[in-house]
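Below is one structure, written out as structure tokens; the observations come after it.
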Amino acid sequence: MRNFAAFLINIHMKRIILLAFTAFSMTIMAQHVTPLNIPLSDVRIDSLRTLYISEPTMYRASLEVAAQQLHSTGEAIKTAKSELKAEQAHGKEMTKSLKEASKMAASLKKLYAKEESEIKKMQKVVDKQVKTLHKQKELNSETRDSYNRFLEKQQKELAYCLRDIVDRQKAVSDLEAAIVASQNEMQTFIHETELKASDLAQIETEYKNLVNTIKTEQKAVKKMK
């Protein structure tokens, strides 16, 4: 039974570690990317050209208005790209953290199983000592009582430790379930970033096409009389 106090302290420290991981897992709630909200101006160049074919000044003015509207769209796209970049980085970081948490939970589970086995072995040793004591009729009552109190104390401590380990094993199982749930949530989040990236790329392509079309028209209208 030597170093038994140190053994209990070691168990207590591991419990603190487990509680820390449990607190971590509880912070991982459902997360979603910020939806895209980028209005793309519906600039109908052909219609504008037909409408102002004989009024170059009005055509130039309408093209300038369209260009200004697209400028706001361009700024919104820049903001969305920066936002998406942060969301993608967050997804990677959380995926990494959850992977590490899963490894630590598995390590704790293995450790607790080993501790449970060791404590049960110690219980068998103490139980054997109790049986041996009962057979030692030659010992005086003072010696028997003193040793019996010592063994009873060890039995209580070991029983407490075993109950504690069972609680921690249940807690680590709950932690593993929480981590799996968080990993599923993060997979959904990452899928959302992928869809957002695709949608944003499409919007940016349409935006660039419109910008180029307007620039081409602005150059052409300068040649009109």
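Letters for chains follow the order of the structure tokens (A, B, ...), residue numbers begin at 1 for each chain, and ligand numbers begin at 1 in the order shown.
Around Leu84 in chain A, within 7 Å and counting only C-alpha atoms, the residues found are A:Ala80, A:Gln88, A:Thr193, once anything fewer than 4 positions away on its own chain is removed.
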- request: Can you work out which one of A:Gln69, A:Asn184, A:Asn212, A:Thr132 has the shortest atom-to-atom distance to Leu98 in chain A, counting only C-alpha atoms?
  value: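 So, comparing all the options, the nearest one is A:Asn184.
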A:Glu55, A:Glu64, A:Asp145, A:Glu118 ranked by distance to Gln218 in chain A, top pick (using only C-alpha atoms):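 Smallest separation from Gln218 in chain A among the options: A:Glu64.
Distances to Glu204 in chain A were evaluated for A:Asn140, A:Thr95, A:Thr73, A:Gln129 using only C-alpha atoms, and the minimum falls at A:Thr73.
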